[in-house]
Amino acid sequence: MSNTLIQVNHLRKSFGDLEVLKDISVDVKEGEVLCIIGPSGSGKSTLLRCINQLEYPTGGEVIYKGKNLCEKKADVRKFREEVGMVFQKFNLFPLKTVLKNVAMAPVLTKHKNKKDAEKLAAELLAKVGLESKADVKPDMLSGGQQQRVAIARALAMEPTALLFDEPTSALDPELVGEVLGVMRDLAAEGMTMIIVTHEMAFARDVSDRVIFMADGYIVEEGKPEEVFGNPKEERTKAFLSRFLES
Amino acid sequence: MNLKAFSDVFSAVIPMLFRGLEITMQVAVTGIVLGFFLGAVSGYALQCKNKIAKGIANIYIWIIRGTPLVVQALYVYFAIPALITNIGGERFTLDSTLAGIIVITLNAGAFISAIVKGALEGVDIGQREAGCALGLTKGQILRQIVIPPAFKSMIPGLFNQFIISVKDTALLSIISVNEITRQTQNYVARTYNTIPAYTMCALFYLVLLSMLMILQKIVENRIKR
């Protein structure tokens, strides 16, 4: 674990009068897996969406490769090509086959030729265990399968890092495992990941560092064994109490 | 009426109705195609952030929805050429079929813009965001991600508008577009065979529109799959 890849400085975000993020600073190093946990409405997803500028921050900076993405002139598209995102609701393109979902973006943005892109897409589908589903439309797949396709789609851009926005929250409990399995593999391969999740056991096992957010602040930050094993803050203890009891 | 007289009327009216059908379809098809392009632009304007574009689209729709088609036809065929004549000094006239196509285009365009707006807004925001998050440009997101599902969801509405436009062409008889209704009127004026001519005219429309409605069902069933 070496260089800082993404650095968030004093980030703030308001929707009208509602301040969702209040002075958030955090950095992610290359190869690091950072899990963000916390109650609903604490600003976790908004933080993730501010990082890739799907939401424009009200204040603060997001630094990637030495450049502040919040500046007007910043090349946000370039950042998005390099840092992929996986959504809670998969957001696959319904009229395209699974293979085309995965192969489309590299052709459009990186001008890869179609054959190479489809070859890579097929390899990635095999990696997430869905090579047999290449030619079907997304609506023929289960939620867990759709999310694995979404991960393959993000990987097709050969990203330096991936952002996961509650990737298992829309899934039936029995389908959560297959998605987390793919994410575990990615973590083992050294992929840099920022993961917003409610899967506490997964966060504890896979992450290098855990952030607990509440009410738009980072309440606690540390290694998973510290945050889960011996939380310092009362707010963290209260949130984790149900998980720790079980 | 004896059988001989009936078959005389029949053999006179049928070819005439088919001549009218040619004009009716020419006006309706051209009108719906051009109306689609007009409606696509104005429907896109309705849901975009540009206030001026939105304003222009809204005024256009307001005028078309707020005036009868017959009045629009009279205006395009008589008033606008007269206006141009007054301003330009030289006598300006408009071919009635062309005027008819303009009126159907303007009308279809206004109603299609609502269909287009709804279809564009109906595409899940999450898919646009997914396109964004993959680094696609705005144009790529529109072409690759938004338009294909939006167009698919537009097809039933567009077909419906086409059927309405075919019926609307009958109103263009008032500006002497030689479509089905006008042909029948002319025939009746010449022959006073009022009852058989208008009966056949009505049945002809009924068959034509029934066929279009069946086609509509087939198309809708196909895109549902």
# chains A, B, ... in the order shown; residues from 1 in each chain; ligands from 1
call {"tool": "residues_around", "arguments": {"residues": "Val123 (chain B)", "least_positions_apart": "3", "cutoff": "9 Å", "atoms": "only C-alpha atoms", "output": "JSON, numbers by chain"}}
result
{"B": [118, 119, 120, 126, 127, 128, 145, 146, 147, 149, 150]}
call {"tool": "interface_residues", "arguments": {"of": "chain B", "to": "chain A", "cutoff": "8 Å", "atoms": "only C-alpha atoms", "output": "list in words"}}
result
Gly126, Gln127, Glu129, Ala130, Cys132, Ala133, Leu134, Gly135, Leu136, Thr137, Gln140, Ile145, Pro148 and Pro149 of chain B
call {"tool": "write_last_selection", "arguments": {"atoms": "C-alpha atoms", "output": "mmCIF file, in the first residue's frame"}}
result
data_model
loop_
_atom_site.group_PDB
_atom_site.id
_atom_site.type_symbol
_atom_site.label_atom_id
_atom_site.label_comp_id
_atom_site.auth_asym_id
_atom_site.auth_seq_id
_atom_site.Cartn_x
_atom_site.Cartn_y
_atom_site.Cartn_z
ATOM 1 C CA GLY B 126 -30.008 5.392 -13.171
ATOM 2 C CA GLN B 127 -29.177 4.413 -16.751
ATOM 3 C CA GLU B 129 -25.947 7.867 -14.419
ATOM 4 C CA ALA B 130 -24.463 4.514 -15.374
ATOM 5 C CA CYS B 132 -21.990 9.036 -16.952
ATOM 6 C CA ALA B 133 -20.080 6.810 -14.550
ATOM 7 C CA LEU B 134 -18.577 4.927 -17.503
ATOM 8 C CA GLY B 135 -17.173 8.173 -18.880
ATOM 9 C CA LEU B 136 -19.551 8.524 -21.821
ATOM 10 C CA THR B 137 -20.172 11.960 -23.315
ATOM 11 C CA GLN B 140 -23.172 9.168 -26.402
ATOM 12 C CA ILE B 145 -28.564 4.813 -23.659
ATOM 13 C CA PRO B 148 -33.175 3.301 -27.851
ATOM 14 C CA PRO B 149 -35.512 2.510 -24.925
#
call {"tool": "residues_around", "arguments": {"residues": "region 57-73 of chain A", "least_positions_apart": "5", "cutoff": "7 Å", "atoms": "only C-alpha atoms", "output": "list of chain:residue names"}}
result
A:Leu5, A:Ile6, A:Gln7, A:Val8, A:Asn9, A:His10, A:Leu11, A:Arg12, A:Lys13, A:Ser14, A:Cys50, A:Ile51
call {"tool": "residues_around", "arguments": {"residues": "Gly39 (chain B)", "least_positions_apart": "3", "cutoff": "7 Å", "atoms": "only C-alpha atoms", "output": "ChimeraX atom specification"}}
result
/B:35-36,42-43,109-110,112-113,116
call {"tool": "write_last_selection", "arguments": {"atoms": "all heavy atoms", "output": "JSON list (two decimals), in the first residue's frame"}}
result
[["chain", "number", "residue", "atom", "x", "y", "z"],
["B", 35, "GLY", "N", -43.63, 15.38, -38.81],
["B", 35, "GLY", "CA", -44.12, 15.69, -37.46],
["B", 35, "GLY", "C", -43.31, 14.99, -36.40],
["B", 35, "GLY", "O", -43.10, 15.53, -35.30],
["B", 36, "PHE", "N", -42.80, 13.81, -36.73],
["B", 36, "PHE", "CA", -41.96, 13.11, -35.76],
["B", 36, "PHE", "C", -40.67, 13.89, -35.51],
["B", 36, "PHE", "O", -40.26, 14.07, -34.35],
["B", 36, "PHE", "CB", -41.63, 11.69, -36.23],
["B", 36, "PHE", "CG", -40.65, 10.99, -35.35],
["B", 36, "PHE", "CD1", -41.00, 10.61, -34.05],
["B", 36, "PHE", "CD2", -39.35, 10.77, -35.76],
["B", 36, "PHE", "CE1", -40.09, 10.01, -33.22],
["B", 36, "PHE", "CE2", -38.42, 10.16, -34.93],
["B", 36, "PHE", "CZ", -38.80, 9.78, -33.66],
["B", 42, "SER", "N", -39.01, 19.33, -30.43],
["B", 42, "SER", "CA", -39.75, 20.10, -29.42],
["B", 42, "SER", "C", -39.94, 19.29, -28.14],
["B", 42, "SER", "O", -39.91, 19.86, -27.04],
["B", 42, "SER", "CB", -41.05, 20.63, -30.04],
["B", 42, "SER", "OG", -42.16, 20.04, -29.47],
["B", 43, "GLY", "N", -40.07, 17.97, -28.26],
["B", 43, "GLY", "CA", -40.15, 17.13, -27.06],
["B", 43, "GLY", "C", -38.85, 17.13, -26.29],
["B", 43, "GLY", "O", -38.84, 17.17, -25.05],
["B", 109, "GLY", "N", -46.74, 17.06, -34.88],
["B", 109, "GLY", "CA", -45.54, 17.46, -34.13],
["B", 109, "GLY", "C", -45.85, 17.88, -32.71],
["B", 109, "GLY", "O", -45.16, 17.52, -31.76],
["B", 110, "ALA", "N", -46.93, 18.66, -32.55],
["B", 110, "ALA", "CA", -47.28, 19.15, -31.22],
["B", 110, "ALA", "C", -47.65, 18.00, -30.29],
["B", 110, "ALA", "O", -47.25, 17.95, -29.14],
["B", 110, "ALA", "CB", -48.45, 20.13, -31.32],
["B", 112, "ILE", "N", -46.85, 14.80, -30.79],
["B", 112, "ILE", "CA", -45.72, 13.89, -30.65],
["B", 112, "ILE", "C", -44.72, 14.43, -29.63],
["B", 112, "ILE", "O", -44.06, 13.66, -28.92],
["B", 112, "ILE", "CB", -45.06, 13.62, -32.02],
["B", 112, "ILE", "CG1", -45.97, 12.73, -32.87],
["B", 112, "ILE", "CG2", -43.69, 12.96, -31.87],
["B", 112, "ILE", "CD1", -45.55, 12.58, -34.31],
["B", 113, "SER", "N", -44.61, 15.77, -29.52],
["B", 113, "SER", "CA", -43.64, 16.28, -28.55],
["B", 113, "SER", "C", -43.97, 15.83, -27.13],
["B", 113, "SER", "O", -43.07, 15.58, -26.33],
["B", 113, "SER", "CB", -43.49, 17.80, -28.63],
["B", 113, "SER", "OG", -44.72, 18.42, -28.74],
["B", 116, "VAL", "N", -42.72, 12.28, -26.96],
["B", 116, "VAL", "CA", -41.26, 12.24, -26.89],
["B", 116, "VAL", "C", -40.79, 12.65, -25.49],
["B", 116, "VAL", "O", -39.93, 11.99, -24.89],
["B", 116, "VAL", "CB", -40.62, 13.17, -27.96],
["B", 116, "VAL", "CG1", -39.13, 13.34, -27.73],
["B", 116, "VAL", "CG2", -40.88, 12.59, -29.35]]
call {"tool": "atom_distance", "arguments": {"atom1": "CA of Pro196 (chain B)", "atom2": "CA of Val9 (chain B)"}}
result
7.4 Å
call {"tool": "residues_around", "arguments": {"residues": "region 205-207 of chain B", "least_positions_apart": "2", "cutoff": "10 Å", "atoms": "only C-alpha atoms", "output": "short mmCIF file (atom, residue, chain, number, x, y, z; two decimals) with N, CA and C atoms, in the first residue's frame"}}
result
data_model
loop_
_atom_site.label_atom_id
_atom_site.label_comp_id
_atom_site.auth_asym_id
_atom_site.auth_seq_id
_atom_site.Cartn_x
_atom_site.Cartn_y
_atom_site.Cartn_z
N LEU B 17 -62.39 6.81 -54.71
CA LEU B 17 -61.96 6.69 -53.32
C LEU B 17 -60.48 6.30 -53.26
N LEU B 21 -57.45 8.05 -51.56
CA LEU B 21 -56.60 7.34 -50.60
C LEU B 21 -55.12 7.68 -50.83
N VAL B 166 -54.41 10.38 -39.95
CA VAL B 166 -55.13 9.89 -41.13
C VAL B 166 -56.57 10.41 -41.08
N LYS B 167 -57.19 10.34 -39.91
CA LYS B 167 -58.57 10.85 -39.80
C LYS B 167 -58.62 12.37 -39.98
N ALA B 170 -59.24 14.25 -43.35
CA ALA B 170 -60.59 14.51 -43.87
C ALA B 170 -60.96 15.99 -43.72
N ILE B 180 -59.78 11.59 -49.63
CA ILE B 180 -60.98 10.76 -49.75
C ILE B 180 -62.28 11.55 -49.60
N THR B 181 -62.37 12.35 -48.55
CA THR B 181 -63.61 13.09 -48.27
C THR B 181 -63.91 14.10 -49.37
N MET B 200 -70.44 4.74 -48.86
CA MET B 200 -69.21 4.07 -49.28
C MET B 200 -67.98 4.77 -48.74
N CYS B 201 -68.06 6.08 -48.69
CA CYS B 201 -66.94 6.85 -48.13
C CYS B 201 -66.71 6.46 -46.67
N ALA B 202 -67.79 6.40 -45.90
CA ALA B 202 -67.66 6.05 -44.48
C ALA B 202 -67.11 4.64 -44.32
N LEU B 203 -67.66 3.69 -45.12
CA LEU B 203 -67.18 2.31 -45.04
C LEU B 203 -65.71 2.21 -45.44
N LEU B 209 -59.10 2.36 -41.54
CA LEU B 209 -58.65 2.57 -40.16
C LEU B 209 -58.64 1.26 -39.38
N SER B 210 -59.56 0.34 -39.71
CA SER B 210 -59.52 -0.97 -39.05
C SER B 210 -58.22 -1.68 -39.36
N MET B 211 -57.79 -1.59 -40.62
CA MET B 211 -56.53 -2.23 -41.00
C MET B 211 -55.36 -1.61 -40.23
N LEU B 212 -55.40 -0.30 -40.12
CA LEU B 212 -54.32 0.37 -39.37
C LEU B 212 -54.34 -0.04 -37.90
N MET B 213 -55.56 -0.19 -37.35
CA MET B 213 -55.67 -0.58 -35.94
C MET B 213 -55.16 -2.01 -35.72
#
call {"tool": "closest_residue", "arguments": {"among": "A:Asp208, A:Glu158, A:Glu55, A:Asp172", "to": "Leu21 (chain A)", "atoms": "only C-alpha atoms"}}
result
A:Glu55
call {"tool": "residues_around", "arguments": {"residues": "Ile164 (chain B)", "least_positions_apart": "4", "cutoff": "12 Å", "atoms": "only C-alpha atoms", "output": "list in words"}}
result
Ala28, Val29, Gly31, Ile32, Leu69, Ile104, Asn107, Ala108, Phe111, Ile112, Gly157, Leu158, Phe159, Asn160, Asp168, Thr169, Ala170, Leu171, Leu209, Leu212 and Met213 of chain B
call {"tool": "atom_distance", "arguments": {"atom1": "CA of Val98 (chain A)", "atom2": "CA of Asp135 (chain A)"}}
result
6.0 Å
call {"tool": "atom_distance", "arguments": {"atom1": "CA of Ser176 (chain B)", "atom2": "CA of Val33 (chain B)"}}
result
22.4 Å
call {"tool": "closest_residue", "arguments": {"among": "B:Gln144, B:Ser96, B:Ser153, B:Gln47", "to": "Asn178 (chain B)", "atoms": "only C-alpha atoms"}}
result
B:Ser96
call {"tool": "residues_around", "arguments": {"residues": "Ile80 (chain B)", "least_positions_apart": "3", "cutoff": "12 Å", "atoms": "only C-alpha atoms", "output": "PyMOL selection string"}}
result
chain B and resi 72-77+83-88+91-94+99+102
call {"tool": "write_last_selection", "arguments": {"atoms": "all heavy atoms", "output": "compact mmCIF listing (two decimals), in the first residue's frame"}}
result
# COMPACT_ATOMS: atom_id res chain seq x y z
N GLN B 72 -56.55 26.12 -38.49
CA GLN B 72 -55.12 26.08 -38.86
C GLN B 72 -54.99 25.87 -40.37
O GLN B 72 -54.15 26.51 -41.03
CB GLN B 72 -54.40 24.94 -38.13
CG GLN B 72 -54.29 25.15 -36.63
CD GLN B 72 -54.01 23.83 -35.91
OE1 GLN B 72 -53.60 22.85 -36.51
NE2 GLN B 72 -54.24 23.82 -34.60
N ALA B 73 -55.81 24.99 -40.92
CA ALA B 73 -55.74 24.71 -42.36
C ALA B 73 -56.09 25.96 -43.17
O ALA B 73 -55.38 26.31 -44.12
CB ALA B 73 -56.68 23.56 -42.71
N LEU B 74 -57.16 26.63 -42.76
CA LEU B 74 -57.55 27.86 -43.46
C LEU B 74 -56.45 28.91 -43.35
O LEU B 74 -56.15 29.62 -44.31
CB LEU B 74 -58.86 28.40 -42.86
CG LEU B 74 -60.10 27.52 -43.09
CD1 LEU B 74 -61.28 28.04 -42.27
CD2 LEU B 74 -60.46 27.45 -44.57
N TYR B 75 -55.84 28.98 -42.19
CA TYR B 75 -54.80 29.98 -41.97
C TYR B 75 -53.59 29.72 -42.86
O TYR B 75 -53.06 30.62 -43.50
CB TYR B 75 -54.40 29.98 -40.48
CG TYR B 75 -53.79 31.30 -40.07
CD1 TYR B 75 -54.60 32.36 -39.70
CD2 TYR B 75 -52.42 31.48 -40.11
CE1 TYR B 75 -54.06 33.58 -39.35
CE2 TYR B 75 -51.86 32.70 -39.77
CZ TYR B 75 -52.69 33.75 -39.39
OH TYR B 75 -52.15 34.95 -39.07
N VAL B 76 -53.15 28.43 -42.86
CA VAL B 76 -51.96 28.10 -43.65
C VAL B 76 -52.24 28.26 -45.15
O VAL B 76 -51.41 28.75 -45.90
CB VAL B 76 -51.49 26.66 -43.34
CG1 VAL B 76 -50.42 26.19 -44.34
CG2 VAL B 76 -50.94 26.59 -41.92
N TYR B 77 -53.44 27.89 -45.57
CA TYR B 77 -53.73 27.87 -47.01
C TYR B 77 -54.10 29.26 -47.54
O TYR B 77 -53.69 29.63 -48.64
CB TYR B 77 -54.86 26.89 -47.30
CG TYR B 77 -55.14 26.69 -48.78
CD1 TYR B 77 -54.11 26.32 -49.65
CD2 TYR B 77 -56.42 26.89 -49.30
CE1 TYR B 77 -54.35 26.14 -51.01
CE2 TYR B 77 -56.67 26.71 -50.66
CZ TYR B 77 -55.64 26.34 -51.51
OH TYR B 77 -55.88 26.16 -52.85
N LEU B 83 -50.65 36.98 -46.52
CA LEU B 83 -49.69 37.80 -45.75
C LEU B 83 -48.40 37.97 -46.54
O LEU B 83 -47.86 39.09 -46.65
CB LEU B 83 -49.38 37.09 -44.43
CG LEU B 83 -50.08 37.59 -43.18
CD1 LEU B 83 -49.84 36.63 -42.03
CD2 LEU B 83 -49.58 38.99 -42.82
N ILE B 84 -47.91 36.84 -47.09
CA ILE B 84 -46.66 36.90 -47.85
C ILE B 84 -46.84 37.77 -49.09
O ILE B 84 -45.96 38.57 -49.44
CB ILE B 84 -46.20 35.47 -48.24
CG1 ILE B 84 -45.84 34.68 -46.97
CG2 ILE B 84 -45.00 35.52 -49.19
CD1 ILE B 84 -45.52 33.22 -47.20
N THR B 85 -48.01 37.66 -49.73
CA THR B 85 -48.30 38.50 -50.89
C THR B 85 -48.27 39.98 -50.52
O THR B 85 -47.65 40.80 -51.21
CB THR B 85 -49.69 38.15 -51.47
OG1 THR B 85 -49.70 36.76 -51.79
CG2 THR B 85 -50.00 38.95 -52.73
N ASN B 86 -48.90 40.29 -49.38
CA ASN B 86 -48.93 41.69 -48.93
C ASN B 86 -47.55 42.24 -48.64
O ASN B 86 -47.21 43.37 -48.99
CB ASN B 86 -49.77 41.81 -47.65
CG ASN B 86 -51.25 41.81 -47.97
OD1 ASN B 86 -51.63 41.83 -49.14
ND2 ASN B 86 -52.08 41.78 -46.94
N ILE B 87 -46.74 41.41 -48.01
CA ILE B 87 -45.40 41.87 -47.63
C ILE B 87 -44.48 41.91 -48.86
O ILE B 87 -43.80 42.90 -49.10
CB ILE B 87 -44.79 40.95 -46.54
CG1 ILE B 87 -45.61 41.08 -45.25
CG2 ILE B 87 -43.33 41.31 -46.28
CD1 ILE B 87 -45.34 39.99 -44.25
N GLY B 88 -44.52 40.83 -49.65
CA GLY B 88 -43.59 40.71 -50.77
C GLY B 88 -44.02 41.49 -52.00
O GLY B 88 -43.19 41.82 -52.84
N ARG B 91 -47.76 38.06 -56.02
CA ARG B 91 -48.80 37.10 -55.62
C ARG B 91 -48.18 35.75 -55.26
O ARG B 91 -47.41 35.17 -56.02
CB ARG B 91 -49.80 36.93 -56.77
CG ARG B 91 -50.99 36.10 -56.38
CD ARG B 91 -52.03 36.12 -57.50
NE ARG B 91 -52.76 34.86 -57.54
CZ ARG B 91 -53.62 34.46 -56.61
NH1 ARG B 91 -53.86 35.23 -55.56
NH2 ARG B 91 -54.25 33.31 -56.73
N PHE B 92 -48.51 35.30 -54.08
CA PHE B 92 -47.95 34.04 -53.59
C PHE B 92 -49.07 33.07 -53.28
O PHE B 92 -50.04 33.44 -52.60
CB PHE B 92 -47.11 34.30 -52.33
CG PHE B 92 -46.51 33.05 -51.74
CD1 PHE B 92 -45.29 32.56 -52.20
CD2 PHE B 92 -47.16 32.37 -50.71
CE1 PHE B 92 -44.75 31.41 -51.66
CE2 PHE B 92 -46.61 31.22 -50.17
CZ PHE B 92 -45.41 30.75 -50.65
N THR B 93 -48.99 31.85 -53.82
CA THR B 93 -50.01 30.85 -53.48
C THR B 93 -49.33 29.57 -53.01
O THR B 93 -48.14 29.35 -53.28
CB THR B 93 -50.91 30.49 -54.69
OG1 THR B 93 -50.05 30.07 -55.74
CG2 THR B 93 -51.76 31.65 -55.11
N LEU B 94 -50.10 28.75 -52.32
CA LEU B 94 -49.58 27.51 -51.78
C LEU B 94 -50.41 26.37 -52.36
O LEU B 94 -51.64 26.47 -52.40
CB LEU B 94 -49.70 27.55 -50.26
CG LEU B 94 -48.79 26.68 -49.42
CD1 LEU B 94 -47.33 26.94 -49.75
CD2 LEU B 94 -49.04 26.96 -47.94
N ALA B 99 -50.06 22.56 -48.37
CA ALA B 99 -50.62 23.21 -47.18
C ALA B 99 -51.13 22.15 -46.21
O ALA B 99 -50.94 22.25 -44.99
CB ALA B 99 -51.73 24.16 -47.58
N ILE B 102 -48.31 20.57 -44.37
CA ILE B 102 -47.80 21.48 -43.33
C ILE B 102 -48.70 21.41 -42.09
O ILE B 102 -48.22 21.30 -40.96
CB ILE B 102 -47.72 22.93 -43.87
CG1 ILE B 102 -46.64 23.02 -44.96
CG2 ILE B 102 -47.43 23.92 -42.73
CD1 ILE B 102 -46.61 24.35 -45.69
call {"tool": "select_by_dssp", "arguments": {"residues": "region 63-178 of chain A", "states": "strand (DSSP E or B)", "output": "JSON, numbers by chain"}}
result
{"A": [63, 64, 67, 68, 83, 84, 85, 86, 161, 162, 163, 164, 165]}
call {"tool": "write_last_selection", "arguments": {"atoms": "N, CA and C atoms", "output": "CSV table (one decimal), in the first residue's frame"}}
result
chain,number,residue,atom,x,y,z
A,63,ILE,N,-9.3,15.2,-4.9
A,63,ILE,CA,-8.0,15.2,-5.7
A,63,ILE,C,-7.8,13.8,-6.2
A,64,TYR,N,-7.6,13.7,-7.5
A,64,TYR,CA,-7.2,12.4,-8.2
A,64,TYR,C,-6.0,12.7,-9.1
A,67,LYS,N,-5.0,16.3,-9.4
A,67,LYS,CA,-5.9,17.3,-9.9
A,67,LYS,C,-7.2,17.3,-9.2
A,68,ASN,N,-7.7,18.5,-8.9
A,68,ASN,CA,-9.0,18.7,-8.2
A,68,ASN,C,-10.1,18.6,-9.1
A,83,VAL,N,-12.1,5.4,-13.0
A,83,VAL,CA,-12.6,4.9,-11.7
A,83,VAL,C,-14.1,4.5,-11.9
A,84,GLY,N,-14.4,3.3,-11.9
A,84,GLY,CA,-15.7,2.7,-12.2
A,84,GLY,C,-16.6,2.8,-11.0
A,85,MET,N,-17.9,2.7,-11.3
A,85,MET,CA,-18.9,2.7,-10.2
A,85,MET,C,-20.0,1.6,-10.4
A,86,VAL,N,-20.3,1.0,-9.3
A,86,VAL,CA,-21.3,0.0,-9.3
A,86,VAL,C,-22.5,0.5,-8.4
A,161,ALA,N,-9.6,2.1,-9.9
A,161,ALA,CA,-10.3,1.9,-8.7
A,161,ALA,C,-11.8,1.7,-9.0
A,162,LEU,N,-12.6,1.2,-8.0
A,162,LEU,CA,-14.0,1.0,-8.2
A,162,LEU,C,-14.7,1.6,-7.0
A,163,LEU,N,-15.9,2.2,-7.3
A,163,LEU,CA,-16.7,2.7,-6.2
A,163,LEU,C,-18.0,1.8,-6.2
A,164,PHE,N,-18.3,1.3,-5.0
A,164,PHE,CA,-19.5,0.5,-4.9
A,164,PHE,C,-20.6,1.2,-4.0
A,165,ASP,N,-21.7,1.5,-4.6
A,165,ASP,CA,-22.8,2.1,-3.8
A,165,ASP,C,-23.8,1.1,-3.4
call {"tool": "decode", "arguments": {"residues": "region 87-137 of chain A", "atoms": "C-alpha atoms", "output": "tab-separated table (two decimals), in the first residue's frame"}}
result
chain	number	residue	atom	x	y	z
A	87	PHE	CA	-24.85	1.02	-8.32
A	88	GLN	CA	-27.38	-0.33	-5.88
A	89	LYS	CA	-29.92	-0.90	-8.64
A	90	PHE	CA	-27.41	-2.27	-11.18
A	91	ASN	CA	-28.51	0.18	-13.88
A	92	LEU	CA	-27.81	-2.17	-16.75
A	93	PHE	CA	-28.93	-1.11	-20.22
A	94	PRO	CA	-32.13	-3.14	-20.75
A	95	LEU	CA	-32.16	-3.36	-24.56
A	96	LYS	CA	-28.56	-4.51	-24.89
A	97	THR	CA	-27.37	-8.05	-24.34
A	98	VAL	CA	-25.22	-8.80	-21.33
A	99	LEU	CA	-22.13	-8.93	-23.56
A	100	LYS	CA	-22.93	-5.56	-25.17
A	101	ASN	CA	-23.57	-4.02	-21.76
A	102	VAL	CA	-20.03	-4.93	-20.81
A	103	ALA	CA	-18.35	-4.21	-24.16
A	104	MET	CA	-20.04	-0.92	-25.01
A	105	ALA	CA	-18.18	1.67	-22.97
A	106	PRO	CA	-14.59	0.69	-23.94
A	107	VAL	CA	-15.57	0.96	-27.62
A	108	LEU	CA	-17.15	4.38	-27.13
A	109	THR	CA	-14.67	5.97	-24.75
A	110	LYS	CA	-11.37	4.21	-25.38
A	111	HIS	CA	-11.96	3.56	-29.08
A	112	LYS	CA	-11.19	-0.09	-28.63
A	113	ASN	CA	-12.18	-2.13	-31.63
A	114	LYS	CA	-15.37	-4.07	-31.15
A	115	LYS	CA	-13.79	-7.51	-31.39
A	116	ASP	CA	-11.20	-6.82	-28.69
A	117	ALA	CA	-13.84	-5.24	-26.45
A	118	GLU	CA	-16.13	-8.24	-26.83
A	119	LYS	CA	-13.28	-10.64	-26.18
A	120	LEU	CA	-12.43	-8.78	-22.98
A	121	ALA	CA	-16.12	-8.66	-22.07
A	122	ALA	CA	-16.40	-12.44	-22.49
A	123	GLU	CA	-13.36	-12.94	-20.26
A	124	LEU	CA	-14.83	-10.68	-17.60
A	125	LEU	CA	-18.18	-12.45	-17.76
A	126	ALA	CA	-16.33	-15.70	-17.21
A	127	LYS	CA	-14.58	-14.11	-14.27
A	128	VAL	CA	-17.90	-13.25	-12.62
A	129	GLY	CA	-19.30	-16.68	-13.55
A	130	LEU	CA	-21.75	-15.55	-16.23
A	131	GLU	CA	-20.13	-16.60	-19.51
A	132	SER	CA	-23.25	-18.60	-20.36
A	133	LYS	CA	-25.44	-15.49	-20.13
A	134	ALA	CA	-23.55	-13.35	-22.67
A	135	ASP	CA	-26.35	-13.26	-25.22
A	136	VAL	CA	-29.37	-12.72	-23.00
A	137	LYS	CA	-30.97	-9.42	-22.02
